[in-house]
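Reading through the structure tokens given below for one structure.
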Number of protein chains: 2
Amino acid sequence: MTNAPLYQALNTLLNQRFTQNVNVLEHHSKDESWHSSCAPQGVCYPHNTEEVSEIIKLCAQYQTPITAFGAGTSVEGQSIPSANSLCIDLSEMDQIVDINIQDLNCRVQAGVTRQQLNDSAQRQGLFFPIDPGANATIGGMCATRASGTNAVRYGTMKDNVLSLKAVMANGDIIETGTQARKSAAGLDLTSLLIGSEGTLAIITEITLKLHGIPDTIAAAQLPFSELGDATEFVTQVLQSGIPIARIELLDDVQINAVNAYNQMDLPETPTLFLEFHGSEAAVREQVDSVQAIAATLTPYPFAWSTLQEERNQLWKARHQALYAAKQLVANARVWTTDVCVPISKLSECLLATKKDLDEAGLLAPIVGHVGDGNFHTLMVLPEGDHAAEASAKAVNQKMIERAVAMGGTCTGEHGIGIGKKAALQFQHADTLPLMKQIKQALDPNDLLNPGKLYV
Amino acid sequence: MTNAPLYQALNTLLNQRFTQNVNVLEHHSKDESWHSSCAPQGVCYPHNTEEVSEIIKLCAQYQTPITAFGAGTSVEGQSIPSANSLCIDLSEMDQIVDINIQDLNCRVQAGVTRQQLNDSAQRQGLFFPIDPGANATIGGMCATRASGTNAVRYGTMKDNVLSLKAVMANGDIIETGTQARKSAAGLDLTSLLIGSEGTLAIITEITLKLHGIPDTIAAAQLPFSELGDATEFVTQVLQSGIPIARIELLDDVQINAVNAYNQMDLPETPTLFLEFHGSEAAVREQVDSVQAIAATLTPYPFAWSTLQEERNQLWKARHQALYAAKQLVANARVWTTDVCVPISKLSECLLATKKDLDEAGLLAPIVGHVGDGNFHTLMVLPEGDHAAEASAKAVNQKMIERAVAMGGTCTGEHGIGIGKKAALQFQHADTLPLMKQIKQALDPNDLLNPGKLYV
């Protein structure tokens, strides 16, 4: 199927910034997930909100669906186009409009990446805490309600966005929220768009909260003999109200992968990576409190450091978890899935998942933002091993059902995308019809990222 | 207009818990705002979500609108019925279903008040921080996106609700969110209902985050010679990242009212009431940092205390601000309005508002949750003084326009209700149509709290 008049109009609008080059289409056909690729019909590179609006008006006129693309780091297929879609690649909308020290916020275009933002913010003594691991775009992080390692202290995207500029399915440009820290003026459309995975609007500009870089940052690694001891430690730390900034679990399999990938020699046992933020005295107090809890639960020493180089090495190892897992087996791909449960259920959920993985004979490191009750399994699937794929599918389904039965969610941060639509239906059977009514009201012709989120 | 078959059906359903007693109708005809009262046709007192569902199904059958009523403490007319409405009074749904220490959360029926919840939570070493002043119900606080004195540290209702049980306009019972601390599963309907002012659903049960009671709580009062020095102090404290728990402004007029109402003798000058939460060492460190900033901005001493009795006296004075203002003039009523602006604009906004009030000759204390950039004017209107009413209307309009021009909002926490519908239209002209589309999709017959929020 071709759509020549639309492509001609886009060419006129964007000139060199609309392309049907086959390599470019291929690049925009996939994300970091295990889902099948699907190339778009063409790719647009707008430079501002008005151009996005013009593109969408043309697509509406020609009834052509649109999928937004940022860094392509989604993990449930959110940025994989549907057949006959156009792709709007926002990566050239990478302007940091301003950083406002007095109000501790900034305004960025949707294609700015979190590392780019942090490089700029750092020069002003500020940082943006949300860290999903990948160097995602801020727009993509909004669209998927990203969170990650710092969420236990700083919240998720939901908690750090003040305002969104976005383009609706008919091309209308809107701005949600305000620049004030709170508002009680009407429906919270900012929160509605955050996590809507590009199905309600294309987010083009964002006002984000920033935070002052803490005077002191200390990082620590803390190995445990048993997984259950590590989760007990997490529960005690949270209950004691210690404002820990990061509390990340890597199980024995993941530590093994990390050691191999980074030439490190960490003890190959379940390990927590911790980080503390505050004044020197506050950090010292937090570390003392945490050490006292650790002493009752692990025979391993508590190795901590405030040196930036040592901290960086630790977090580099954590961030490379996915790539380390991929290297465990040659020619393998990784099916990563996540669930999130109330903290009181975390230990039971983790241990049952580990048992499922063992029984299925799957090689699958576990990493988790355990301060939120959120963890990931990275199921390593050798190319062409259909039995392993079937096992992974079964384990994933068990994880979803268990998390929901425990009062938790089928995904803490990866989102629904293509991969968890049935899970969303299972978990939110009563509210999915409302989600669909809202989708129908705002995008009646299903032009925005069709095939995602809603069954 | 009568509706006998509906009333008979409600009588059968609820027996003594449906009434048309004229005193009860009168009690449910108003809130704490300046808006005209309007009595409902009848009042229902359900005891559980299922009964609310049955009531709404009957109302849908008879096309009779419904307004929910909690403690009646809304300040923009949110709980004032429209003509021919029924009222659902949720105050008998006052069960604390459970308090979960391990997960630091609780589940309550919508009619539980915040003081009732805190009395119970306290026995477990926990507290619920959101404090709008009035002893509102948790359901009402959700519906109006309440915040108040602790929001600078603990956020607003938006940040402290995990899950809502609610009844839709057709009687369907839904549950949004999960019991996990975060979720990326679909549209954020929890946030959509929070602040929807009873126009999208009736909230019946809530899962809330709780917090551990800090080891040490210190309160302080800090007078300033000039209002501008007080706001400069606020800016410096926030920028320095001190995790202050409360930072409340009372201007000279409000301090005068507080002194008269509480037989206190505070210096009659702009004053900040502060509170610090943390370990003993952390609180000491916060107080030291704040004192250092104060020393450069005010000649007044920094009077602080960790004694509960002294702290209670201070916060009682703050909480009674509205009642103290009412006592300034015999037979007066108070028109309270609020706006919220970015912190960088707070000083300019406050000083301009003060000038407006002076020029209009209005007696109007100012109090503010200044850590959020949010403040209230309490305009004291002598009974029958129509000139003062006209002046108040003009000042209110100026405040709204100024706040929006500064990138802020026409209301930080009071909401839209009846009183600020034109302001919502002014502020969110581009997104109000979307809000209406969502309302239309979820409540096509406009049965839920008609006449509120949407123009």
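Here's how to read the names in the structure tokens: chain A, B, ... by the order shown, residue numbers from 1 in each chain, ligand numbers from 1 in the order shown.
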Quick check: residues of chain B within 7 Å of chain A, only C-alpha atoms, returned as a compact mmCIF listing (two decimals) with N, CA and C atoms, in the first residue's frame.
```txt
# COMPACT_ATOMS: atom_id res chain seq x y z
N GLN B 102 3.86 -2.92 57.45
CA GLN B 102 4.95 -3.39 56.60
C GLN B 102 5.01 -2.61 55.29
N ASP B 103 3.85 -2.31 54.74
CA ASP B 103 3.83 -1.60 53.45
C ASP B 103 3.64 -0.11 53.60
N ARG B 145 -8.29 17.07 45.26
CA ARG B 145 -6.81 17.10 45.18
C ARG B 145 -6.23 18.01 46.28
N ILE B 174 -15.52 0.24 40.20
CA ILE B 174 -14.18 0.02 39.64
C ILE B 174 -13.13 0.17 40.74
N THR B 176 -9.08 1.49 40.77
CA THR B 176 -7.95 1.98 39.98
C THR B 176 -6.66 1.63 40.71
N THR B 178 -3.08 -0.13 42.02
CA THR B 178 -2.85 -1.39 42.72
C THR B 178 -2.32 -1.04 44.11
N GLN B 179 -1.96 -2.07 44.88
CA GLN B 179 -1.38 -1.83 46.20
C GLN B 179 0.15 -1.67 46.12
N ALA B 180 0.72 -1.88 44.94
CA ALA B 180 2.17 -1.68 44.78
C ALA B 180 2.48 -0.18 44.77
N ARG B 181 3.74 0.15 45.06
CA ARG B 181 4.11 1.56 45.17
C ARG B 181 4.17 2.27 43.83
N LYS B 182 4.26 1.52 42.76
CA LYS B 182 4.23 2.13 41.43
C LYS B 182 3.68 1.11 40.44
N SER B 183 3.25 1.58 39.29
CA SER B 183 2.74 0.70 38.25
C SER B 183 2.85 1.42 36.92
N ALA B 184 3.13 0.65 35.87
CA ALA B 184 3.16 1.22 34.51
C ALA B 184 2.09 0.55 33.66
N ALA B 185 1.02 0.11 34.32
CA ALA B 185 -0.02 -0.67 33.64
C ALA B 185 -1.18 0.22 33.22
N GLY B 186 -1.05 0.83 32.06
CA GLY B 186 -2.18 1.54 31.48
C GLY B 186 -2.35 2.95 31.96
N LEU B 187 -3.47 3.56 31.54
CA LEU B 187 -3.73 4.96 31.88
C LEU B 187 -3.88 5.12 33.38
N ASP B 188 -3.44 6.26 33.89
CA ASP B 188 -3.42 6.54 35.32
C ASP B 188 -4.79 7.09 35.74
N SER B 191 -5.02 9.15 39.15
CA SER B 191 -4.76 10.59 39.05
C SER B 191 -5.90 11.32 38.35
N LEU B 192 -6.57 10.62 37.43
CA LEU B 192 -7.68 11.27 36.72
C LEU B 192 -8.84 11.56 37.69
N GLY B 195 -9.03 15.05 42.09
CA GLY B 195 -9.23 16.40 41.60
C GLY B 195 -10.38 16.53 40.62
N SER B 196 -11.11 15.45 40.38
CA SER B 196 -12.23 15.53 39.42
C SER B 196 -13.51 16.02 40.10
N GLY B 212 6.25 6.98 58.51
CA GLY B 212 6.64 6.79 59.90
C GLY B 212 6.70 8.13 60.61
N GLN B 239 16.06 26.33 47.80
CA GLN B 239 17.20 26.11 46.91
C GLN B 239 18.33 25.35 47.59
N GLY B 241 17.95 22.97 49.46
CA GLY B 241 17.60 21.55 49.53
C GLY B 241 17.29 21.06 50.93
N ALA B 282 19.50 15.04 62.35
CA ALA B 282 19.06 15.64 61.08
C ALA B 282 18.28 16.92 61.34
N CYS B 340 -1.42 29.84 43.05
CA CYS B 340 -0.11 29.20 43.25
C CYS B 340 0.77 29.58 42.06
N VAL B 341 1.98 30.03 42.34
CA VAL B 341 2.90 30.47 41.28
C VAL B 341 4.27 29.82 41.48
N PRO B 342 5.10 29.83 40.43
CA PRO B 342 6.47 29.35 40.64
C PRO B 342 7.14 30.15 41.76
N ILE B 343 8.00 29.49 42.52
CA ILE B 343 8.63 30.12 43.68
C ILE B 343 9.32 31.44 43.30
N SER B 344 9.92 31.47 42.10
CA SER B 344 10.63 32.68 41.68
C SER B 344 9.70 33.87 41.53
N ASP B 372 5.32 25.85 48.51
CA ASP B 372 4.79 25.43 47.21
C ASP B 372 4.51 26.62 46.29
N GLY B 407 2.81 32.03 34.92
CA GLY B 407 3.05 30.60 34.71
C GLY B 407 2.47 29.75 35.82
N GLY B 408 1.65 30.35 36.67
CA GLY B 408 1.06 29.62 37.79
C GLY B 408 -0.36 29.21 37.51
N THR B 409 -1.10 28.98 38.59
CA THR B 409 -2.44 28.43 38.46
C THR B 409 -3.45 29.24 39.28
N CYS B 410 -4.69 29.27 38.78
CA CYS B 410 -5.77 30.00 39.44
C CYS B 410 -6.16 29.39 40.77
N THR B 411 -5.72 28.17 41.04
CA THR B 411 -5.94 27.57 42.35
C THR B 411 -4.91 26.49 42.62
N GLY B 412 -4.25 26.63 43.76
CA GLY B 412 -3.25 25.64 44.15
C GLY B 412 -3.87 24.44 44.83
N GLU B 413 -4.98 24.67 45.55
CA GLU B 413 -5.56 23.57 46.31
C GLU B 413 -7.05 23.70 46.59
N HIS B 414 -7.64 24.87 46.38
CA HIS B 414 -9.07 25.01 46.66
C HIS B 414 -9.93 24.35 45.59
N GLY B 415 -9.42 24.27 44.39
CA GLY B 415 -10.16 23.65 43.30
C GLY B 415 -11.04 24.64 42.56
N ILE B 416 -11.81 24.11 41.62
CA ILE B 416 -12.62 24.92 40.71
C ILE B 416 -14.06 25.06 41.22
N LEU B 424 -10.90 28.55 35.15
CA LEU B 424 -10.39 27.32 34.50
C LEU B 424 -10.41 27.50 32.98
N ASP B 430 -7.13 25.64 26.15
CA ASP B 430 -6.77 24.60 25.16
C ASP B 430 -7.11 23.19 25.65
N THR B 431 -7.09 22.96 26.96
CA THR B 431 -7.33 21.60 27.45
C THR B 431 -8.72 21.40 28.04
N MET B 435 -10.99 17.98 28.74
CA MET B 435 -11.62 17.59 30.01
C MET B 435 -13.10 17.30 29.80
N GLN B 437 -14.52 16.35 27.00
CA GLN B 437 -14.69 15.11 26.23
C GLN B 437 -14.60 13.89 27.15
N ILE B 438 -13.69 13.96 28.12
CA ILE B 438 -13.54 12.85 29.07
C ILE B 438 -14.79 12.75 29.95
N ALA B 441 -17.50 11.27 27.94
CA ALA B 441 -17.31 9.82 27.70
C ALA B 441 -17.69 9.00 28.94
N LEU B 453 -16.90 22.59 37.95
CA LEU B 453 -15.66 22.39 37.20
C LEU B 453 -15.73 22.85 35.74
```
List every residue of stretch 225-334 of chain A that DSSP, applied to the backbone of this structure, places in strand (DSSP E or B), and write the result as a PyMOL selection string. chain A and resi 246-250+271-278+303-305+332-334
Keeping only C-alpha atoms, write the selected residues as a CSV table (one decimal), in the first residue's frame.
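Dumped everything to part19.csv:
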```
chain,number,residue,atom,x,y,z
A,246,ARG,CA,18.9,3.8,45.7
A,247,ILE,CA,18.5,0.2,46.9
A,248,GLU,CA,19.1,-2.2,44.0
A,249,LEU,CA,19.1,-6.0,44.1
A,250,LEU,CA,21.3,-8.1,41.8
A,271,THR,CA,23.9,-8.4,46.5
A,272,LEU,CA,22.3,-5.0,47.2
A,273,PHE,CA,23.8,-1.8,45.6
A,274,LEU,CA,22.9,1.2,47.8
A,275,GLU,CA,23.2,4.9,47.5
A,276,PHE,CA,22.8,7.7,50.1
A,277,HIS,CA,22.2,11.4,49.4
A,278,GLY,CA,22.4,14.3,51.8
A,303,ALA,CA,31.8,-1.8,51.6
A,304,TRP,CA,31.0,1.9,51.1
A,305,SER,CA,32.6,4.8,49.4
A,332,ALA,CA,21.2,-15.1,22.6
A,333,ARG,CA,18.5,-12.6,23.1
A,334,VAL,CA,17.1,-11.5,26.4
```
Nearest to B:Phe224 by atom-to-atom distance, counting only C-alpha atoms, from B:Ala364, B:Ala330, B:Ala295, B:Ala39: B:Ala295
Can you list, as an NGL selection string, every protein, DNA or RNA residue that comes within 12 Å of stretch 255-260 of chain A when you count only C-alpha atoms, leaving out same-chain residues fewer than 3 positions away? :A and (221-224 or 249-252 or 263-273 or 313-329 or 363-367 or 378 or 380)
Among A:Thr204, A:Gln254, A:Thr353, A:Asn262, A:Lys398 is approached most closely, using only C-alpha atoms, by A:Thr353
